[in-house]
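Next comes structure_21.pdb, a file with PDB, C-alpha atoms, pLDDT in the B column.
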ATOM      1  CA  MET A  16      42.434  27.353 141.819  1.00 50.00           C
ATOM      2  CA  PRO A  17      43.583  27.744 145.475  1.00 48.00           C
ATOM      3  CA  PRO A  18      40.929  27.556 148.173  1.00 48.00           C
ATOM      4  CA  LYS A  19      39.629  30.760 149.698  1.00 44.00           C
ATOM      5  CA  ILE A  20      40.931  31.356 153.214  1.00 42.00           C
ATOM      6  CA  TYR A  21      38.821  33.302 155.683  1.00 42.00           C
ATOM      7  CA  ASN A  22      39.957  34.808 158.948  1.00 45.00           C
ATOM      8  CA  THR A  23      37.407  33.529 161.462  1.00 45.00           C
ATOM      9  CA  HIS A  24      39.064  35.458 164.325  1.00 48.00           C
ATOM     10  CA  ARG A  25      38.493  38.927 163.024  1.00 46.00           C
ATOM     11  CA  THR A  26      39.655  41.710 165.275  1.00 48.00           C
ATOM     12  CA  PRO A  27      39.042  45.355 164.515  1.00 48.00           C
ATOM     13  CA  MET A  28      42.122  47.134 163.285  1.00 47.00           C
ATOM     14  CA  SER A  29      42.789  50.594 164.606  1.00 47.00           C
ATOM     15  CA  THR A  30      43.411  53.224 161.988  1.00 52.00           C
ATOM     16  CA  LYS A  31      44.153  55.866 164.636  1.00 64.00           C
ATOM     17  CA  VAL A  32      47.673  57.249 164.449  1.00 81.00           C
ATOM     18  CA  GLU A  33      49.263  57.801 167.837  1.00 89.00           C
ATOM     19  CA  ALA A  34      50.663  61.252 168.532  1.00 92.00           C
ATOM     20  CA  THR A  35      54.378  61.566 169.206  1.00 93.00           C
ATOM     21  CA  ILE A  36      56.672  63.912 171.099  1.00 95.00           C
ATOM     22  CA  GLU A  37      57.407  65.574 167.740  1.00 94.00           C
ATOM     23  CA  ASP A  38      53.689  66.344 167.478  1.00 92.00           C
ATOM     24  CA  LEU A  39      53.759  67.794 170.984  1.00 94.00           C
ATOM     25  CA  TYR A  40      56.398  70.321 169.901  1.00 94.00           C
ATOM     26  CA  LYS A  41      53.865  71.751 167.434  1.00 93.00           C
ATOM     27  CA  VAL A  42      51.126  72.355 170.021  1.00 92.00           C
ATOM     28  CA  GLU A  43      50.522  75.907 171.149  1.00 89.00           C
ATOM     29  CA  GLY A  44      49.910  76.082 174.872  1.00 88.00           C
ATOM     30  CA  LYS A  45      50.109  73.556 177.668  1.00 93.00           C
ATOM     31  CA  ALA A  46      49.592  69.873 176.833  1.00 92.00           C
ATOM     32  CA  GLU A  47      50.620  66.339 177.774  1.00 93.00           C
ATOM     33  CA  LEU A  48      50.997  63.168 175.712  1.00 93.00           C
ATOM     34  CA  VAL A  49      48.913  60.381 177.291  1.00 94.00           C
ATOM     35  CA  ASN A  50      47.642  57.151 175.702  1.00 93.00           C
ATOM     36  CA  GLY A  51      48.854  58.309 172.310  1.00 92.00           C
ATOM     37  CA  GLU A  52      46.753  61.482 172.462  1.00 93.00           C
ATOM     38  CA  ILE A  53      47.706  65.074 173.045  1.00 93.00           C
ATOM     39  CA  ILE A  54      45.722  66.322 176.032  1.00 92.00           C
ATOM     40  CA  LEU A  55      45.305  70.097 176.015  1.00 92.00           C
ATOM     41  CA  MET A  56      45.263  71.828 179.385  1.00 90.00           C
ATOM     42  CA  SER A  57      43.344  75.059 179.873  1.00 86.00           C
ATOM     43  CA  PRO A  58      44.884  78.209 181.344  1.00 87.00           C
ATOM     44  CA  THR A  59      44.452  78.639 185.078  1.00 89.00           C
ATOM     45  CA  GLY A  60      42.771  81.354 187.130  1.00 91.00           C
ATOM     46  CA  CYS A  61      44.061  84.137 189.341  1.00 93.00           C
ATOM     47  CA  VAL A  62      44.446  82.391 192.701  1.00 95.00           C
ATOM     48  CA  PRO A  63      45.860  79.037 191.479  1.00 95.00           C
ATOM     49  CA  GLY A  64      48.172  80.929 189.123  1.00 96.00           C
ATOM     50  CA  TYR A  65      49.396  83.084 191.991  1.00 97.00           C
ATOM     51  CA  ALA A  66      50.105  80.000 194.139  1.00 97.00           C
ATOM     52  CA  GLY A  67      52.071  78.352 191.323  1.00 97.00           C
ATOM     53  CA  ASP A  68      54.113  81.513 190.765  1.00 98.00           C
ATOM     54  CA  GLU A  69      54.924  81.780 194.488  1.00 98.00           C
ATOM     55  CA  ILE A  70      56.091  78.147 194.656  1.00 98.00           C
ATOM     56  CA  PHE A  71      58.236  78.688 191.546  1.00 98.00           C
ATOM     57  CA  SER A  72      59.771  81.872 193.003  1.00 98.00           C
ATOM     58  CA  SER A  73      60.615  80.128 196.265  1.00 98.00           C
ATOM     59  CA  LEU A  74      62.154  77.122 194.462  1.00 98.00           C
ATOM     60  CA  ARG A  75      64.121  79.448 192.181  1.00 98.00           C
ATOM     61  CA  ALA A  76      65.616  81.288 195.167  1.00 98.00           C
ATOM     62  CA  TYR A  77      66.519  77.915 196.727  1.00 98.00           C
ATOM     63  CA  SER A  78      68.141  76.706 193.489  1.00 98.00           C
ATOM     64  CA  LYS A  79      70.216  79.861 193.060  1.00 97.00           C
ATOM     65  CA  HIS A  80      71.301  79.890 196.716  1.00 97.00           C
ATOM     66  CA  ARG A  81      72.183  76.173 196.830  1.00 96.00           C
ATOM     67  CA  LYS A  82      73.495  76.083 193.248  1.00 96.00           C
ATOM     68  CA  VAL A  83      71.614  72.867 192.614  1.00 95.00           C
ATOM     69  CA  GLY A  84      68.794  71.850 190.294  1.00 96.00           C
ATOM     70  CA  ARG A  85      66.448  74.110 188.396  1.00 97.00           C
ATOM     71  CA  ALA A  86      63.058  75.531 189.353  1.00 98.00           C
ATOM     72  CA  VAL A  87      60.662  75.045 186.450  1.00 98.00           C
ATOM     73  CA  GLY A  88      57.531  77.159 185.955  1.00 96.00           C
ATOM     74  CA  ASP A  89      54.274  76.375 184.211  1.00 96.00           C
ATOM     75  CA  ASN A  90      53.905  75.249 180.581  1.00 94.00           C
ATOM     76  CA  LYS A  91      57.116  73.217 180.332  1.00 96.00           C
ATOM     77  CA  ALA A  92      57.235  69.591 179.146  1.00 97.00           C
ATOM     78  CA  PHE A  93      59.096  66.660 180.678  1.00 97.00           C
ATOM     79  CA  VAL A  94      59.548  63.674 178.356  1.00 97.00           C
ATOM     80  CA  VAL A  95      59.179  60.262 180.014  1.00 97.00           C
ATOM     81  CA  ASN A  96      58.894  56.726 178.724  1.00 96.00           C
ATOM     82  CA  LEU A  97      55.966  55.053 180.448  1.00 97.00           C
ATOM     83  CA  PRO A  98      53.818  52.571 178.487  1.00 95.00           C
ATOM     84  CA  HIS A  99      50.839  54.953 178.343  1.00 95.00           C
ATOM     85  CA  ARG A 100      52.375  58.363 179.086  1.00 97.00           C
ATOM     86  CA  LYS A 101      55.145  60.171 177.224  1.00 97.00           C
ATOM     87  CA  SER A 102      55.132  63.576 178.944  1.00 97.00           C
ATOM     88  CA  PHE A 103      54.196  65.660 181.952  1.00 97.00           C
ATOM     89  CA  SER A 104      53.530  69.380 182.212  1.00 97.00           C
ATOM     90  CA  PRO A 105      53.244  70.180 185.937  1.00 97.00           C
ATOM     91  CA  ASP A 106      52.283  73.604 187.242  1.00 97.00           C
ATOM     92  CA  VAL A 107      55.681  73.870 188.967  1.00 98.00           C
ATOM     93  CA  ALA A 108      58.595  71.461 189.172  1.00 98.00           C
ATOM     94  CA  PHE A 109      62.148  71.018 190.378  1.00 98.00           C
ATOM     95  CA  HIS A 110      64.519  69.242 188.005  1.00 98.00           C
ATOM     96  CA  VAL A 111      68.072  68.009 188.572  1.00 96.00           C
ATOM     97  CA  GLY A 112      68.780  66.504 185.140  1.00 90.00           C
ATOM     98  CA  ALA A 113      70.969  67.799 182.328  1.00 91.00           C
ATOM     99  CA  ASP A 114      70.196  70.981 180.399  1.00 93.00           C
ATOM    100  CA  THR A 115      68.465  69.998 177.142  1.00 95.00           C
ATOM    101  CA  GLY A 116      68.780  73.348 175.395  1.00 95.00           C
ATOM    102  CA  MET A 117      65.775  74.083 173.171  1.00 95.00           C
ATOM    103  CA  LYS A 118      64.308  70.594 173.669  1.00 96.00           C
ATOM    104  CA  PHE A 119      61.847  69.449 176.334  1.00 97.00           C
ATOM    105  CA  TYR A 120      63.246  68.343 179.697  1.00 97.00           C
ATOM    106  CA  ASN A 121      64.435  64.751 179.580  1.00 97.00           C
ATOM    107  CA  GLY A 122      63.009  62.602 182.379  1.00 97.00           C
ATOM    108  CA  ALA A 123      60.624  63.336 185.210  1.00 98.00           C
ATOM    109  CA  PRO A 124      61.232  66.148 187.694  1.00 98.00           C
ATOM    110  CA  VAL A 125      62.231  65.075 191.222  1.00 98.00           C
ATOM    111  CA  PHE A 126      59.460  67.320 192.570  1.00 98.00           C
ATOM    112  CA  ALA A 127      56.169  68.141 190.823  1.00 98.00           C
ATOM    113  CA  VAL A 128      53.394  70.494 191.882  1.00 98.00           C
ATOM    114  CA  GLU A 129      49.805  70.253 190.692  1.00 97.00           C
ATOM    115  CA  VAL A 130      47.691  73.261 191.733  1.00 97.00           C
ATOM    116  CA  ARG A 131      43.962  72.596 191.419  1.00 95.00           C
ATOM    117  CA  SER A 132      42.016  75.043 189.301  1.00 90.00           C
ATOM    118  CA  GLU A 133      38.280  75.274 188.659  1.00 84.00           C
ATOM    119  CA  GLY A 134      38.023  71.954 186.812  1.00 80.00           C
ATOM    120  CA  GLY A 135      40.098  70.029 189.363  1.00 84.00           C
ATOM    121  CA  TYR A 136      37.264  68.813 191.598  1.00 87.00           C
ATOM    122  CA  GLY A 137      34.872  65.870 191.773  1.00 90.00           C
ATOM    123  CA  MET A 138      35.288  62.090 191.660  1.00 92.00           C
ATOM    124  CA  ARG A 139      36.571  62.040 188.078  1.00 92.00           C
ATOM    125  CA  ALA A 140      39.203  64.671 188.882  1.00 91.00           C
ATOM    126  CA  GLU A 141      40.271  62.728 191.998  1.00 93.00           C
ATOM    127  CA  ARG A 142      40.754  59.553 189.947  1.00 94.00           C
ATOM    128  CA  GLN A 143      42.729  61.435 187.300  1.00 93.00           C
ATOM    129  CA  MET A 144      44.914  63.064 189.941  1.00 95.00           C
ATOM    130  CA  ALA A 145      45.634  59.704 191.610  1.00 96.00           C
ATOM    131  CA  LYS A 146      46.561  58.158 188.237  1.00 96.00           C
ATOM    132  CA  LYS A 147      48.810  61.085 187.389  1.00 97.00           C
ATOM    133  CA  ARG A 148      50.569  60.842 190.771  1.00 98.00           C
ATOM    134  CA  ALA A 149      51.159  57.124 190.156  1.00 98.00           C
ATOM    135  CA  ASP A 150      52.611  58.019 186.744  1.00 98.00           C
ATOM    136  CA  TYR A 151      54.920  60.611 188.295  1.00 98.00           C
ATOM    137  CA  PHE A 152      56.231  58.049 190.771  1.00 98.00           C
ATOM    138  CA  ALA A 153      56.615  55.368 188.078  1.00 98.00           C
ATOM    139  CA  ALA A 154      58.669  57.847 186.029  1.00 98.00           C
ATOM    140  CA  GLY A 155      60.991  58.671 188.947  1.00 98.00           C
ATOM    141  CA  THR A 156      59.466  61.709 190.680  1.00 98.00           C
ATOM    142  CA  LEU A 157      60.147  61.590 194.428  1.00 98.00           C
ATOM    143  CA  VAL A 158      57.535  64.052 195.727  1.00 98.00           C
ATOM    144  CA  VAL A 159      54.245  65.410 194.358  1.00 98.00           C
ATOM    145  CA  TRP A 160      52.333  68.303 195.891  1.00 98.00           C
ATOM    146  CA  ASP A 161      48.565  68.401 195.424  1.00 98.00           C
ATOM    147  CA  VAL A 162      47.658  72.028 196.204  1.00 98.00           C
ATOM    148  CA  ASP A 163      43.993  72.764 196.933  1.00 96.00           C
ATOM    149  CA  LEU A 164      43.392  76.411 197.792  1.00 96.00           C
ATOM    150  CA  THR A 165      39.693  75.837 198.568  1.00 95.00           C
ATOM    151  CA  SER A 166      40.345  73.230 201.264  1.00 94.00           C
ATOM    152  CA  GLU A 167      41.636  73.432 204.824  1.00 96.00           C
ATOM    153  CA  ASP A 168      44.101  70.718 203.697  1.00 96.00           C
ATOM    154  CA  VAL A 169      45.930  73.157 201.443  1.00 97.00           C
ATOM    155  CA  VAL A 170      49.065  71.175 200.599  1.00 98.00           C
ATOM    156  CA  ARG A 171      49.008  67.387 200.396  1.00 98.00           C
ATOM    157  CA  VAL A 172      52.537  66.021 200.078  1.00 98.00           C
ATOM    158  CA  TYR A 173      52.780  62.575 198.472  1.00 98.00           C
ATOM    159  CA  ARG A 174      56.097  60.697 198.386  1.00 98.00           C
ATOM    160  CA  SER A 175      57.182  57.805 196.185  1.00 98.00           C
ATOM    161  CA  SER A 176      58.239  55.949 199.359  1.00 97.00           C
ATOM    162  CA  ASP A 177      54.610  55.969 200.632  1.00 96.00           C
ATOM    163  CA  PRO A 178      52.457  56.962 197.633  1.00 96.00           C
ATOM    164  CA  GLU A 179      49.020  56.385 199.199  1.00 94.00           C
ATOM    165  CA  ARG A 180      49.508  58.484 202.339  1.00 96.00           C
ATOM    166  CA  ALA A 181      49.839  62.264 202.263  1.00 97.00           C
ATOM    167  CA  THR A 182      51.446  64.601 204.767  1.00 98.00           C
ATOM    168  CA  ILE A 183      49.020  67.518 205.033  1.00 98.00           C
ATOM    169  CA  TYR A 184      49.820  71.183 205.646  1.00 98.00           C
ATOM    170  CA  HIS A 185      47.325  73.916 206.548  1.00 98.00           C
ATOM    171  CA  GLN A 186      47.463  77.695 206.609  1.00 97.00           C
ATOM    172  CA  GLY A 187      49.819  78.862 209.343  1.00 97.00           C
ATOM    173  CA  GLU A 188      52.137  75.871 208.761  1.00 98.00           C
ATOM    174  CA  ILE A 189      55.372  75.375 206.848  1.00 98.00           C
ATOM    175  CA  ALA A 190      55.320  72.837 203.999  1.00 98.00           C
ATOM    176  CA  GLU A 191      58.294  70.875 202.634  1.00 98.00           C
ATOM    177  CA  ALA A 192      59.224  68.514 199.804  1.00 98.00           C
ATOM    178  CA  GLU A 193      61.672  66.107 201.452  1.00 98.00           C
ATOM    179  CA  PRO A 194      63.622  64.233 200.144  1.00 98.00           C
ATOM    180  CA  ALA A 195      63.227  65.744 196.652  1.00 98.00           C
ATOM    181  CA  VAL A 196      64.279  69.279 197.616  1.00 98.00           C
ATOM    182  CA  PRO A 197      66.395  68.895 200.766  1.00 98.00           C
ATOM    183  CA  GLY A 198      66.104  71.752 203.247  1.00 98.00           C
ATOM    184  CA  TRP A 199      63.569  73.738 201.198  1.00 98.00           C
ATOM    185  CA  THR A 200      60.422  74.922 202.967  1.00 98.00           C
ATOM    186  CA  MET A 201      57.578  77.285 202.192  1.00 98.00           C
ATOM    187  CA  ALA A 202      54.906  78.951 204.309  1.00 98.00           C
ATOM    188  CA  VAL A 203      51.457  77.760 203.247  1.00 98.00           C
ATOM    189  CA  ASN A 204      50.139  81.295 203.848  1.00 97.00           C
ATOM    190  CA  ASP A 205      52.379  82.524 201.005  1.00 97.00           C
ATOM    191  CA  LEU A 206      50.210  80.632 198.503  1.00 98.00           C
ATOM    192  CA  PHE A 207      47.323  83.057 199.001  1.00 96.00           C
ATOM    193  CA  PRO A 208      47.369  86.518 197.378  1.00 91.00           C
ATOM    194  CA  GLU A 209      45.382  88.068 200.229  1.00 81.00           C
ATOM    195  CA  ASN A 210      48.384  87.465 202.520  1.00 71.00           C
ATOM    196  CA  THR A 211      50.752  89.409 200.244  1.00 63.00           C
ATOM    197  CA  HIS A 212      50.546  92.834 201.839  1.00 53.00           C
ATOM    198  CA  ARG A 213      49.943  91.942 205.468  1.00 48.00           C
TER
END
Translate the structure of the given file into structure tokens.
Amino acid sequence: MPPKIYNTHRTPMSTKVEATIEDLYKVEGKAELVNGEIILMSPTGCVPGYAGDEIFSSLRAYSKHRKVGRAVGDNKAFVVNLPHRKSFSPDVAFHVGADTGMKFYNGAPVFAVEVRSEGGYGMRAERQMAKKRADYFAAGTLVVWDVDLTSEDVVRVYRSSDPERATIYHQGEIAEAEPAVPGWTMAVNDLFPENTHR
């Protein structure tokens, strides 16, 4: 009879099945694939939604005029291949990659916009935002806007060339996304619905 062999270095085995991009296709609504889990993202409110729509409209006009890239609105997925993250779903983006038809966008956008909504505040939110920015840059995004409509520092522009330092734009100023969207600018005032009919 052979001797019994025991594993003295027992390690817990995970029975959790990691979600895939194919699983993400089946999700209704906005979501991202991070650390093998599908992270659902809640709908946004009036003012942040308005700001996102205005940025998209401005980028779309730029894209059509320059005949370059594509402005991408909310609830779209960009597939990336980072060790812990497989997708992004920014509030607004600018993409210069190939058309993927009915499939998600392939690769990170060159420019991504994250507009803070009600749940986007506090130390935990700041840490999550910093990690997400680092992920964008690791995936190839050149510029990330952090838009905070409740702050005097309305638009914080982070660049992959200097990821820790933001260029800050206030109301009354003109923001940009160089070098991701060359020559494109937008008035910070246009992000606020109360300025629409002035």
Next on the checklist: Residues near Ser104 in chain A, anyone? I mean within 8 Å using only C-alpha atoms, not counting same-chain ones fewer than 2 positions away, as a ChimeraX atom specification.
Outcome noted: /A:45-47,89-93,102,106
Checklist entry - the PyMOL selection byres ((chain A and resi 99) around 7) on the file shown: which residues, as a list in words? => result Val49, Asn50, Leu97, Pro98, Arg100 and Lys101 of chain A
Hey, can you spit out that residue selection with C-alpha atoms as a PDB file, keeping the file's coordinate frame?
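Final file, result.pdb:
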ATOM      1  CA  VAL A  49      48.913  60.381 177.291  1.00 94.00           C
ATOM      2  CA  ASN A  50      47.642  57.151 175.702  1.00 93.00           C
ATOM      3  CA  LEU A  97      55.966  55.053 180.448  1.00 97.00           C
ATOM      4  CA  PRO A  98      53.818  52.571 178.487  1.00 95.00           C
ATOM      5  CA  ARG A 100      52.375  58.363 179.086  1.00 97.00           C
ATOM      6  CA  LYS A 101      55.145  60.171 177.224  1.00 97.00           C
TER       7      LYS A 101
END
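Here CA of Val158 in chain A and CA of Ala145 in chain A stand 13.3 Å from one another.
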Checklist entry - Could you work out how far CA of Thr35 in chain A lies from CA of Ala127 in chain A, giving the answer in Å with one decimal? => result 22.7 Å
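Across A:His185, A:Met56, A:Gly51, A:Gly88, the tightest approach to Arg75 in chain A is made by A:Gly88 when counting all atoms listed in the file.
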Let me know the residues the PyMOL selection byres ((chain A and resi 202) around 12) catches in the file above, as a JSON list (two decimals) with C-alpha atoms, in the coordinates of the input.
[["chain", "number", "residue", "atom", "x", "y", "z"],
["A", 66, "ALA", "CA", 50.10, 80.00, 194.14],
["A", 69, "GLU", "CA", 54.92, 81.78, 194.49],
["A", 70, "ILE", "CA", 56.09, 78.15, 194.66],
["A", 73, "SER", "CA", 60.62, 80.13, 196.26],
["A", 169, "VAL", "CA", 45.93, 73.16, 201.44],
["A", 170, "VAL", "CA", 49.06, 71.18, 200.60],
["A", 184, "TYR", "CA", 49.82, 71.18, 205.65],
["A", 185, "HIS", "CA", 47.32, 73.92, 206.55],
["A", 186, "GLN", "CA", 47.46, 77.69, 206.61],
["A", 187, "GLY", "CA", 49.82, 78.86, 209.34],
["A", 188, "GLU", "CA", 52.14, 75.87, 208.76],
["A", 189, "ILE", "CA", 55.37, 75.38, 206.85],
["A", 190, "ALA", "CA", 55.32, 72.84, 204.00],
["A", 191, "GLU", "CA", 58.29, 70.88, 202.63],
["A", 199, "TRP", "CA", 63.57, 73.74, 201.20],
["A", 200, "THR", "CA", 60.42, 74.92, 202.97],
["A", 201, "MET", "CA", 57.58, 77.28, 202.19],
["A", 203, "VAL", "CA", 51.46, 77.76, 203.25],
["A", 204, "ASN", "CA", 50.14, 81.30, 203.85],
["A", 205, "ASP", "CA", 52.38, 82.52, 201.00],
["A", 206, "LEU", "CA", 50.21, 80.63, 198.50],
["A", 207, "PHE", "CA", 47.32, 83.06, 199.00],
["A", 210, "ASN", "CA", 48.38, 87.46, 202.52],
["A", 211, "THR", "CA", 50.75, 89.41, 200.24]]
Next on the checklist: Residues near Phe126 in chain A, anyone? I mean within 6 Å using all atoms listed in the file, not counting same-chain ones fewer than 6 positions away, as a PyMOL selection string.
Outcome noted: chain A and resi 108-109+156+158-159+195
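The coordinates place CA of Arg131 in chain A at 17.1 Å from CA of Ala149 in chain A.
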Next on the checklist: Which residues are close to Asp163 in chain A, i.e. within 9 Å by all atoms listed in the file, leaving aside same-chain residues fewer than 4 positions away? Reply as a PyMOL selection string.
Outcome noted: chain A and resi 63+129-132+135+167-171
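For the file at hand, the PyMOL selection byres ((chain A and resi 112) around 9) resolves to Gly84, Arg85, His110, Val111, Ala113, Asp114, Thr115, Tyr120, Asn121, Gly122, Ala123 and Pro124 of chain A.
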